[in-house]
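Let me begin by presenting the structure, written as structure tokens, before commenting on it.
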Amino acid sequence: MESRNQTSASEFILLGLSEKPAQETLLFSLFLCMYMVTVVGNLLIILAISTDPHLHTPMYFFLTNLSLVDFCLATDTVPKMLVNIQTRNKSISYPCCLTQMYFFHFFGIMDSVLIAVMAYDRFVAICHPLHYTTTMSPGLCGLLAGGPWVFSCFVSLAHVFLMARLVFCGDNELPHYFCDLTPLLRLSCTDTTVNRIFVLIVAGMVIAVPFICILASYARITAAVMKVPSAGGRKKAFSTCSSHLSVVTLFYGTTIGVYLCPSSVRTAVKEKASAIMYTAVTPMLNPFIYSLRNRDLKGALRKLVNRKIASSS
């Protein structure tokens with residue numbers, strides 16, 4: 001009964017990446033540019049794929065979903081940080097904090113599962129090319145893309161409900177630039193054991209399991225490609241996977257460090273650095289990674305830009 005009578009924090013103070021005005025001005029310019037590139041790049045990918053009938057295939061269908069998720073993930077965190085820097089007001093209300101946390105986990109889980117789905121798509125395309133069309137049917141593609149949306153919704157809601165039962169009666173300064181789960185748990189003055197157990201379970205389901213599935217897919221892909229007699233054939237097969245492997249390295253290299261490493265080796269600085277990678281850097285780089293080495297996508301982007309120029313002239 002005593003914990004119920006304690007006054008829980010009505011707002012949090014997001015300390016951000018730096019408290020020095022000179023550094024904040026530089027950070028504002030840097031993250032504004034990164035966010036604009038993220039928005040333009042991912043929306044161009046979505047428009048190019050949706051307007052080019054030749055790209056209406058499973059691989060590009062999943063890429064469209066990934067671009068949408070990356071755009072939303074960056075939009076959930078970066079604009080609030082930019083507003084805080086510009087207004088010199090670092091506070092965020094408790095309901096807004098929970099809302100931001102919900103969408104961060106929603107789109108973060110989506111990102112992880114979609115990357116694994118794209119690995120499965122490459123596995124079927126390379127290891128079972130004759131059955132690719134029948135295996136990756138519209139129904140299965142819809143299930144592989146739609147299932148993660150439903151799963152992410154329920155898991156993120158569970159995180160919010162578990163967080164809402166906690167009381168924050170002490171320090172309300174959050175050493176982060178958005179409302180992330182683990183820094184919030186450290187501020188709570190009530191028992192967070194259930195929350196921490198749930199975090200580990202979810203991390204295993206949405207980070208470890210997809211990552212293992214990706215490794216298994218690429219092990220099978222490598223074995224299949226090495227059986228190709230010509231060097232040119234092997235190079236072509238591996239080139240179709242290089243973009244996806246770059247994204248896997250960027251995304252899982254940072255998320256594993258944040259959510260699966262022991263808390264004893266994690267610091268606020270490391271968590272913020274990792275968060276920047278998967279909330280700002282990865283969503284910004286994904287359009288470049290997938291388009292620079294993809295002739296079909298580059299062609300679709302060129303046609304899209306030319307159409308816009310022709311219509312405006």
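Ordered as shown in the structure tokens, chains take letters A, B, and onward, while each chain numbers its residues from 1 and ligands are numbered from 1 in the order shown.
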Review point. Leaving out region 19-27 of chain A and any residue of its chain fewer than 3 positions from it, which residues lie within 7 Å of it when counting only C-alpha atoms, given as a ChimeraX atom specification?
Key: /A:30-31,85
Write out, as a compact mmCIF listing (two decimals), in the first residue's frame, the residues just selected, with N, CA, C and O atoms.
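Listing of result05.txt after writing:
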```txt
# COMPACT_ATOMS: atom_id res chain seq x y z
N LEU A 30 23.44 17.93 -37.68
CA LEU A 30 23.78 16.59 -38.16
C LEU A 30 22.56 15.69 -38.24
O LEU A 30 22.30 15.05 -39.27
N PHE A 31 21.76 15.63 -37.15
CA PHE A 31 20.62 14.73 -37.13
C PHE A 31 19.47 15.22 -38.00
O PHE A 31 18.70 14.42 -38.51
N ILE A 85 16.24 19.92 -28.64
CA ILE A 85 17.44 20.74 -28.81
C ILE A 85 17.08 22.17 -29.19
O ILE A 85 17.61 23.14 -28.65
```
Extract, using only C-alpha atoms, all DNA, RNA and protein residues at most 12 Å from region 279-281 of chain A, discarding same-chain residues fewer than 2 positions from it, and format them as a PyMOL selection string.
chain A and resi 30-39+69-79+81+103-105+107-108+111+177-178+180+247+250-251+254-255+271-277+283-289
- [ ] Please provide as a PyMOL selection string all residues within 9 Å of region 137-143 of chain A, with the sequence filter that same-chain residues fewer than 5 positions apart are discarded (counting only C-alpha atoms).
- [x] chain A and resi 58+61-62+132+148
Would you export the selected residues with N, CA, C and O atoms as a PDB file, in the first residue's frame, please?
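Wrote it out as selection_26.pdb, contents follow:
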```pdb
ATOM      1  N   PRO A  58       8.307 -10.711 -54.557  1.00  0.00           N
ATOM      2  CA  PRO A  58       8.418 -10.844 -53.098  1.00  0.00           C
ATOM      3  C   PRO A  58       9.573 -10.063 -52.493  1.00  0.00           C
ATOM      4  O   PRO A  58       9.413  -9.425 -51.449  1.00  0.00           O
ATOM      5  N   PHE A  61       8.693  -6.485 -52.379  1.00  0.00           N
ATOM      6  CA  PHE A  61       7.562  -6.303 -51.470  1.00  0.00           C
ATOM      7  C   PHE A  61       8.056  -6.199 -50.022  1.00  0.00           C
ATOM      8  O   PHE A  61       7.639  -5.315 -49.266  1.00  0.00           O
ATOM      9  N   PHE A  62       8.973  -7.084 -49.642  1.00  0.00           N
ATOM     10  CA  PHE A  62       9.539  -7.032 -48.297  1.00  0.00           C
ATOM     11  C   PHE A  62      10.405  -5.778 -48.117  1.00  0.00           C
ATOM     12  O   PHE A  62      10.417  -5.178 -47.036  1.00  0.00           O
ATOM     13  N   TYR A 132      10.649 -21.184 -56.562  1.00  0.00           N
ATOM     14  CA  TYR A 132      10.548 -19.866 -55.908  1.00  0.00           C
ATOM     15  C   TYR A 132       9.158 -19.260 -56.067  1.00  0.00           C
ATOM     16  O   TYR A 132       8.551 -18.792 -55.095  1.00  0.00           O
ATOM     17  N   PRO A 148       4.369 -10.190 -38.679  1.00  0.00           N
ATOM     18  CA  PRO A 148       5.179  -9.370 -37.775  1.00  0.00           C
ATOM     19  C   PRO A 148       4.484  -8.105 -37.283  1.00  0.00           C
ATOM     20  O   PRO A 148       4.741  -7.660 -36.157  1.00  0.00           O
TER      21      PRO A 148
END
```
Per residue of region 27-102 of chain A within 10 Å of region 304-313 of chain A, note the shortest atom pair and the distance in Å to one decimal, counting only C-alpha atoms, and order the rows by chain and increasing residue number, as CSV.
```
residue,atom,partner,partner_atom,distance
A:Leu44,CA,A:Leu304,CA,8.4
A:Ile45,CA,A:Leu304,CA,9.9
A:Leu47,CA,A:Leu304,CA,7.8
A:Ala48,CA,A:Leu304,CA,6.0
A:Ile49,CA,A:Leu304,CA,9.5
A:Thr51,CA,A:Leu304,CA,7.9
A:Asp52,CA,A:Leu304,CA,8.7
```
With N, CA, C and O atoms retained, write the just-selected residues as a compact mmCIF listing (two decimals), in the first residue's frame.
```
# COMPACT_ATOMS: atom_id res chain seq x y z
N LEU A 44 11.44 7.38 -51.42
CA LEU A 44 11.77 7.15 -52.84
C LEU A 44 11.78 5.66 -53.16
O LEU A 44 11.30 5.24 -54.22
N ILE A 45 12.32 4.86 -52.23
CA ILE A 45 12.32 3.40 -52.43
C ILE A 45 10.89 2.89 -52.53
O ILE A 45 10.55 2.10 -53.43
N LEU A 47 8.11 4.57 -53.33
CA LEU A 47 7.47 5.06 -54.55
C LEU A 47 7.99 4.35 -55.79
O LEU A 47 7.22 3.99 -56.69
N ALA A 48 9.31 4.15 -55.86
CA ALA A 48 9.91 3.51 -57.04
C ALA A 48 9.39 2.09 -57.20
O ALA A 48 9.04 1.66 -58.31
N ILE A 49 9.31 1.34 -56.10
CA ILE A 49 8.85 -0.05 -56.17
C ILE A 49 7.36 -0.12 -56.48
O ILE A 49 6.92 -0.93 -57.30
N THR A 51 5.50 1.97 -58.11
CA THR A 51 5.12 2.48 -59.44
C THR A 51 5.74 1.68 -60.58
O THR A 51 5.41 1.93 -61.75
N ASP A 52 6.63 0.74 -60.29
CA ASP A 52 7.26 -0.06 -61.35
C ASP A 52 6.75 -1.50 -61.28
O ASP A 52 7.11 -2.24 -60.36
```
query: Pick from A:His159, A:Ile201, A:Ala145, A:Val206: nearest to Leu181 (chain A), with only C-alpha atoms counted?
result: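 Selected residue with least distance to Leu181 (chain A): A:His159.
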Write out as a short mmCIF file (atom, residue, chain, number, x, y, z; two decimals) with N, CA and C atoms, in the first residue's frame which residues come within 12 Å of region 227-232 of chain A when counting only C-alpha atoms, dropping same-chain ones fewer than 6 positions away.
```
data_model
loop_
_atom_site.label_atom_id
_atom_site.label_comp_id
_atom_site.auth_asym_id
_atom_site.auth_seq_id
_atom_site.Cartn_x
_atom_site.Cartn_y
_atom_site.Cartn_z
N ILE A 126 17.73 -18.70 -54.07
CA ILE A 126 19.03 -19.24 -54.48
C ILE A 126 19.08 -20.76 -54.36
N CYS A 127 18.52 -21.30 -53.30
CA CYS A 127 18.60 -22.74 -53.06
C CYS A 127 17.49 -23.52 -53.77
N ARG A 220 23.13 -22.27 -45.67
CA ARG A 220 22.59 -23.06 -46.78
C ARG A 220 22.86 -22.38 -48.12
N ILE A 221 22.73 -21.04 -48.14
CA ILE A 221 23.00 -20.30 -49.38
C ILE A 221 24.46 -20.46 -49.80
N PHE A 238 26.19 -14.37 -54.96
CA PHE A 238 26.58 -13.68 -53.73
C PHE A 238 26.22 -12.18 -53.78
N SER A 239 26.28 -11.58 -54.98
CA SER A 239 25.97 -10.15 -55.09
C SER A 239 24.53 -9.85 -54.75
#
```
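The space separating CA of Phe28 (chain A) from CA of Lys80 (chain A) comes to 11.2 Å.
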If we count only C-alpha atoms and set the cut-off at 9 Å, which residues sit around Val248 (chain A), ignoring sequence neighbours fewer than 5 positions away in its own chain? Please answer as a PyMOL selection string. chain A and resi 112+115-116+211+214+243+253
What separates CA of Tyr278 (chain A) and CA of Met110 (chain A) is a distance of 12.5 Å
Test item, alpha helix (DSSP H) assignment across region 185-283 of chain A, answer as a CSV table (one decimal) with N, CA and C atoms, in the first residue's frame:
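Saved as part-v2.csv:
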```csv
chain,number,residue,atom,x,y,z
A,185,LEU,N,13.7,1.4,-16.8
A,185,LEU,CA,13.7,0.5,-15.7
A,185,LEU,C,14.7,0.8,-14.6
A,186,ARG,N,15.8,1.4,-14.9
A,186,ARG,CA,16.8,1.8,-13.9
A,186,ARG,C,16.2,2.9,-13.0
A,187,LEU,N,15.3,3.8,-13.5
A,187,LEU,CA,14.8,4.9,-12.8
A,187,LEU,C,13.6,4.5,-11.8
A,193,THR,N,11.7,-6.9,-11.7
A,193,THR,CA,12.1,-8.3,-12.0
A,193,THR,C,11.3,-8.8,-13.2
A,194,VAL,N,9.9,-8.7,-13.1
A,194,VAL,CA,9.1,-9.2,-14.2
A,194,VAL,C,9.4,-8.5,-15.5
A,195,ASN,N,9.6,-7.2,-15.5
A,195,ASN,CA,9.9,-6.5,-16.7
A,195,ASN,C,11.2,-7.0,-17.3
A,196,ARG,N,12.2,-7.2,-16.5
A,196,ARG,CA,13.5,-7.6,-17.0
A,196,ARG,C,13.5,-9.0,-17.5
A,197,ILE,N,12.7,-9.9,-16.9
A,197,ILE,CA,12.6,-11.2,-17.4
A,197,ILE,C,11.9,-11.2,-18.8
A,198,PHE,N,10.8,-10.3,-18.9
A,198,PHE,CA,10.1,-10.2,-20.1
A,198,PHE,C,11.0,-9.6,-21.2
A,199,VAL,N,11.9,-8.7,-20.9
A,199,VAL,CA,12.8,-8.1,-21.9
A,199,VAL,C,13.7,-9.2,-22.4
A,200,LEU,N,14.2,-10.1,-21.6
A,200,LEU,CA,15.1,-11.1,-22.0
A,200,LEU,C,14.4,-12.1,-22.9
A,201,ILE,N,13.1,-12.5,-22.5
A,201,ILE,CA,12.3,-13.4,-23.3
A,201,ILE,C,12.1,-12.8,-24.7
A,202,VAL,N,11.7,-11.5,-24.8
A,202,VAL,CA,11.4,-10.9,-26.0
A,202,VAL,C,12.6,-10.7,-26.9
A,203,ALA,N,13.7,-10.4,-26.2
A,203,ALA,CA,15.0,-10.2,-26.9
A,203,ALA,C,15.4,-11.5,-27.6
A,209,VAL,N,16.5,-15.4,-32.1
A,209,VAL,CA,15.9,-16.4,-33.0
A,209,VAL,C,16.0,-15.9,-34.5
A,210,PRO,N,15.6,-14.7,-34.8
A,210,PRO,CA,15.8,-14.2,-36.2
A,210,PRO,C,17.2,-14.3,-36.7
A,211,PHE,N,18.1,-13.9,-35.8
A,211,PHE,CA,19.6,-13.9,-36.1
A,211,PHE,C,20.1,-15.3,-36.4
A,212,ILE,N,19.6,-16.3,-35.6
A,212,ILE,CA,20.0,-17.6,-35.9
A,212,ILE,C,19.4,-18.1,-37.2
A,213,CYS,N,18.2,-17.8,-37.4
A,213,CYS,CA,17.5,-18.2,-38.7
A,213,CYS,C,18.3,-17.6,-39.9
A,214,ILE,N,18.8,-16.3,-39.8
A,214,ILE,CA,19.5,-15.7,-40.8
A,214,ILE,C,20.8,-16.4,-41.1
A,215,LEU,N,21.5,-16.8,-40.0
A,215,LEU,CA,22.8,-17.5,-40.1
A,215,LEU,C,22.6,-18.9,-40.8
A,216,ALA,N,21.5,-19.5,-40.4
A,216,ALA,CA,21.2,-20.8,-41.0
A,216,ALA,C,20.8,-20.7,-42.5
A,217,SER,N,20.1,-19.6,-42.8
A,217,SER,CA,19.8,-19.4,-44.2
A,217,SER,C,21.0,-19.1,-45.1
A,218,TYR,N,21.9,-18.3,-44.5
A,218,TYR,CA,23.1,-18.0,-45.3
A,218,TYR,C,24.1,-19.2,-45.3
A,219,ALA,N,24.1,-20.0,-44.3
A,219,ALA,CA,24.9,-21.2,-44.4
A,219,ALA,C,24.4,-22.1,-45.5
A,220,ARG,N,23.1,-22.3,-45.7
A,220,ARG,CA,22.6,-23.1,-46.8
A,220,ARG,C,22.9,-22.4,-48.1
A,221,ILE,N,22.7,-21.0,-48.1
A,221,ILE,CA,23.0,-20.3,-49.4
A,221,ILE,C,24.5,-20.5,-49.8
A,222,THR,N,25.4,-20.3,-48.8
A,222,THR,CA,26.8,-20.5,-49.1
A,222,THR,C,27.1,-21.9,-49.7
A,223,ALA,N,26.5,-22.9,-49.1
A,223,ALA,CA,26.8,-24.3,-49.5
A,223,ALA,C,26.2,-24.4,-50.9
A,224,ALA,N,25.1,-23.8,-51.2
A,224,ALA,CA,24.5,-24.0,-52.6
A,224,ALA,C,25.3,-23.2,-53.6
A,225,VAL,N,25.8,-22.0,-53.3
A,225,VAL,CA,26.5,-21.2,-54.2
A,225,VAL,C,27.9,-21.8,-54.5
A,231,ALA,N,32.8,-19.2,-61.8
A,231,ALA,CA,33.1,-18.1,-60.9
A,231,ALA,C,32.1,-17.0,-61.1
A,232,GLY,N,31.7,-16.7,-62.3
A,232,GLY,CA,30.7,-15.7,-62.6
A,232,GLY,C,29.4,-15.9,-61.9
A,233,GLY,N,29.0,-17.2,-62.0
A,233,GLY,CA,27.7,-17.6,-61.4
A,233,GLY,C,27.7,-17.4,-59.9
A,234,ARG,N,28.9,-17.8,-59.3
A,234,ARG,CA,29.0,-17.6,-57.8
A,234,ARG,C,29.0,-16.2,-57.4
A,235,LYS,N,29.7,-15.4,-58.2
A,235,LYS,CA,29.7,-13.9,-57.9
A,235,LYS,C,28.3,-13.3,-58.0
A,236,LYS,N,27.6,-13.7,-59.0
A,236,LYS,CA,26.2,-13.1,-59.2
A,236,LYS,C,25.3,-13.5,-58.1
A,237,ALA,N,25.4,-14.8,-57.7
A,237,ALA,CA,24.6,-15.3,-56.6
A,237,ALA,C,24.9,-14.5,-55.3
A,238,PHE,N,26.2,-14.4,-55.0
A,238,PHE,CA,26.6,-13.7,-53.7
A,238,PHE,C,26.2,-12.2,-53.8
A,239,SER,N,26.3,-11.6,-55.0
A,239,SER,CA,26.0,-10.1,-55.1
A,239,SER,C,24.5,-9.8,-54.7
A,240,THR,N,23.6,-10.8,-55.0
A,240,THR,CA,22.2,-10.6,-54.6
A,240,THR,C,22.0,-10.6,-53.1
A,241,CYS,N,23.0,-11.1,-52.4
A,241,CYS,CA,22.9,-11.2,-50.9
A,241,CYS,C,23.7,-10.1,-50.2
A,242,SER,N,24.6,-9.5,-50.9
A,242,SER,CA,25.6,-8.6,-50.2
A,242,SER,C,24.9,-7.4,-49.6
A,243,SER,N,23.8,-6.8,-50.2
A,243,SER,CA,23.1,-5.7,-49.6
A,243,SER,C,22.4,-6.1,-48.3
A,244,HIS,N,21.8,-7.3,-48.3
A,244,HIS,CA,21.1,-7.8,-47.2
A,244,HIS,C,22.1,-8.1,-46.0
A,245,LEU,N,23.2,-8.6,-46.4
A,245,LEU,CA,24.2,-9.0,-45.3
A,245,LEU,C,24.7,-7.7,-44.7
A,246,SER,N,24.9,-6.6,-45.4
A,246,SER,CA,25.3,-5.3,-44.9
A,246,SER,C,24.3,-4.8,-43.8
A,247,VAL,N,23.0,-4.9,-44.2
A,247,VAL,CA,22.0,-4.5,-43.2
A,247,VAL,C,21.9,-5.4,-42.0
A,248,VAL,N,22.1,-6.7,-42.2
A,248,VAL,CA,22.1,-7.6,-41.0
A,248,VAL,C,23.2,-7.2,-40.1
A,249,THR,N,24.4,-7.0,-40.6
A,249,THR,CA,25.6,-6.6,-39.8
A,249,THR,C,25.3,-5.3,-39.0
A,250,LEU,N,24.8,-4.3,-39.7
A,250,LEU,CA,24.5,-3.0,-39.0
A,250,LEU,C,23.5,-3.1,-37.9
A,251,PHE,N,22.4,-3.8,-38.2
A,251,PHE,CA,21.2,-3.9,-37.3
A,251,PHE,C,21.5,-4.8,-36.1
A,252,TYR,N,21.9,-6.0,-36.4
A,252,TYR,CA,22.1,-7.0,-35.3
A,252,TYR,C,23.4,-6.7,-34.5
A,253,GLY,N,24.4,-6.1,-35.1
A,253,GLY,CA,25.6,-5.8,-34.4
A,253,GLY,C,25.4,-4.8,-33.3
A,254,THR,N,24.4,-3.9,-33.4
A,254,THR,CA,24.1,-3.0,-32.4
A,254,THR,C,23.0,-3.4,-31.4
A,255,THR,N,21.9,-4.0,-31.9
A,255,THR,CA,20.8,-4.5,-31.0
A,255,THR,C,21.3,-5.6,-30.1
A,256,ILE,N,22.1,-6.5,-30.5
A,256,ILE,CA,22.6,-7.6,-29.7
A,256,ILE,C,23.4,-7.0,-28.5
A,257,GLY,N,24.2,-5.9,-28.8
A,257,GLY,CA,25.0,-5.3,-27.8
A,257,GLY,C,24.1,-4.6,-26.7
A,258,VAL,N,22.9,-4.1,-27.1
A,258,VAL,CA,22.1,-3.4,-26.1
A,258,VAL,C,21.2,-4.3,-25.3
A,259,TYR,N,20.6,-5.3,-26.0
A,259,TYR,CA,19.5,-6.1,-25.3
A,259,TYR,C,20.0,-7.5,-24.9
A,268,ALA,N,25.6,4.0,-20.2
A,268,ALA,CA,24.7,4.9,-20.9
A,268,ALA,C,25.2,5.4,-22.2
A,269,VAL,N,26.5,5.6,-22.2
A,269,VAL,CA,27.2,6.1,-23.5
A,269,VAL,C,27.1,5.0,-24.6
A,270,LYS,N,27.4,3.8,-24.2
A,270,LYS,CA,27.3,2.7,-25.2
A,270,LYS,C,25.9,2.5,-25.7
A,271,GLU,N,24.9,2.6,-24.8
A,271,GLU,CA,23.5,2.4,-25.2
A,271,GLU,C,23.1,3.5,-26.1
A,272,LYS,N,23.5,4.7,-25.9
A,272,LYS,CA,23.1,5.8,-26.8
A,272,LYS,C,23.8,5.7,-28.1
A,273,ALA,N,25.1,5.3,-28.1
A,273,ALA,CA,25.8,5.1,-29.4
A,273,ALA,C,25.2,4.0,-30.2
A,274,SER,N,24.8,2.9,-29.5
A,274,SER,CA,24.1,1.8,-30.3
A,274,SER,C,22.7,2.2,-30.8
A,275,ALA,N,22.0,3.0,-29.9
A,275,ALA,CA,20.7,3.4,-30.3
A,275,ALA,C,20.8,4.3,-31.6
A,276,ILE,N,21.8,5.2,-31.6
A,276,ILE,CA,22.0,6.0,-32.8
A,276,ILE,C,22.1,5.2,-34.1
A,282,THR,N,21.2,3.3,-39.4
A,282,THR,CA,20.7,2.2,-40.3
A,282,THR,C,19.6,2.6,-41.2
A,283,PRO,N,18.5,3.3,-40.7
A,283,PRO,CA,17.4,3.7,-41.5
A,283,PRO,C,17.9,4.6,-42.6
```
What lies within 8 Å of Phe106 (chain A) using only C-alpha atoms, ignoring chain neighbours under 3 positions off, as an mmCIF file with N, CA, C and O atoms, in the first residue's frame?
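And here is the file that came out, around-v2.cif:
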```cif
data_model
loop_
_atom_site.group_PDB
_atom_site.id
_atom_site.type_symbol
_atom_site.label_atom_id
_atom_site.label_comp_id
_atom_site.auth_asym_id
_atom_site.auth_seq_id
_atom_site.Cartn_x
_atom_site.Cartn_y
_atom_site.Cartn_z
ATOM 1 N N TYR A 102 6.389 2.578 -26.936
ATOM 2 C CA TYR A 102 5.570 1.587 -27.653
ATOM 3 C C TYR A 102 5.960 1.533 -29.127
ATOM 4 O O TYR A 102 6.242 0.459 -29.671
ATOM 5 N N PHE A 103 5.983 2.691 -29.785
ATOM 6 C CA PHE A 103 6.269 2.703 -31.217
ATOM 7 C C PHE A 103 7.724 2.346 -31.514
ATOM 8 O O PHE A 103 8.023 1.747 -32.556
ATOM 9 N N ILE A 109 10.982 -4.220 -33.480
ATOM 10 C CA ILE A 109 10.682 -5.643 -33.653
ATOM 11 C C ILE A 109 10.381 -5.943 -35.112
ATOM 12 O O ILE A 109 10.852 -6.940 -35.676
ATOM 13 N N MET A 110 9.608 -5.062 -35.743
ATOM 14 C CA MET A 110 9.295 -5.228 -37.166
ATOM 15 C C MET A 110 10.564 -5.295 -37.995
ATOM 16 O O MET A 110 10.710 -6.139 -38.892
ATOM 17 N N TRP A 149 3.600 -7.524 -38.090
ATOM 18 C CA TRP A 149 2.872 -6.332 -37.634
ATOM 19 C C TRP A 149 1.987 -6.671 -36.436
ATOM 20 O O TRP A 149 1.942 -5.936 -35.444
ATOM 21 N N SER A 152 4.296 -7.693 -33.388
ATOM 22 C CA SER A 152 4.938 -6.506 -32.809
ATOM 23 C C SER A 152 3.964 -5.693 -31.975
ATOM 24 O O SER A 152 4.328 -5.157 -30.922
ATOM 25 N N CYS A 153 2.729 -5.607 -32.449
ATOM 26 C CA CYS A 153 1.710 -4.844 -31.722
ATOM 27 C C CYS A 153 1.490 -5.418 -30.331
ATOM 28 O O CYS A 153 1.504 -4.686 -29.334
ATOM 29 N N VAL A 155 3.444 -7.542 -28.529
ATOM 30 C CA VAL A 155 4.634 -7.512 -27.683
ATOM 31 C C VAL A 155 4.882 -6.103 -27.155
ATOM 32 O O VAL A 155 5.203 -5.910 -25.969
ATOM 33 N N SER A 156 4.730 -5.098 -28.012
ATOM 34 C CA SER A 156 4.946 -3.710 -27.593
ATOM 35 C C SER A 156 3.913 -3.272 -26.562
ATOM 36 O O SER A 156 4.241 -2.552 -25.613
#
```
Interatomic distance, CA of Arg165 (chain A) to CA of Leu14 (chain A) (Å, one decimal):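 Going from CA of Arg165 (chain A) over to CA of Leu14 (chain A) covers 21.0 Å.
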- Contacts of region 90-98 of chain A at 8 Å or less, counting only C-alpha atoms, minus same-chain residues fewer than 4 places along, as a PyMOL selection string? chain A and resi 9-16+84-85+102+160+163-164+178-179
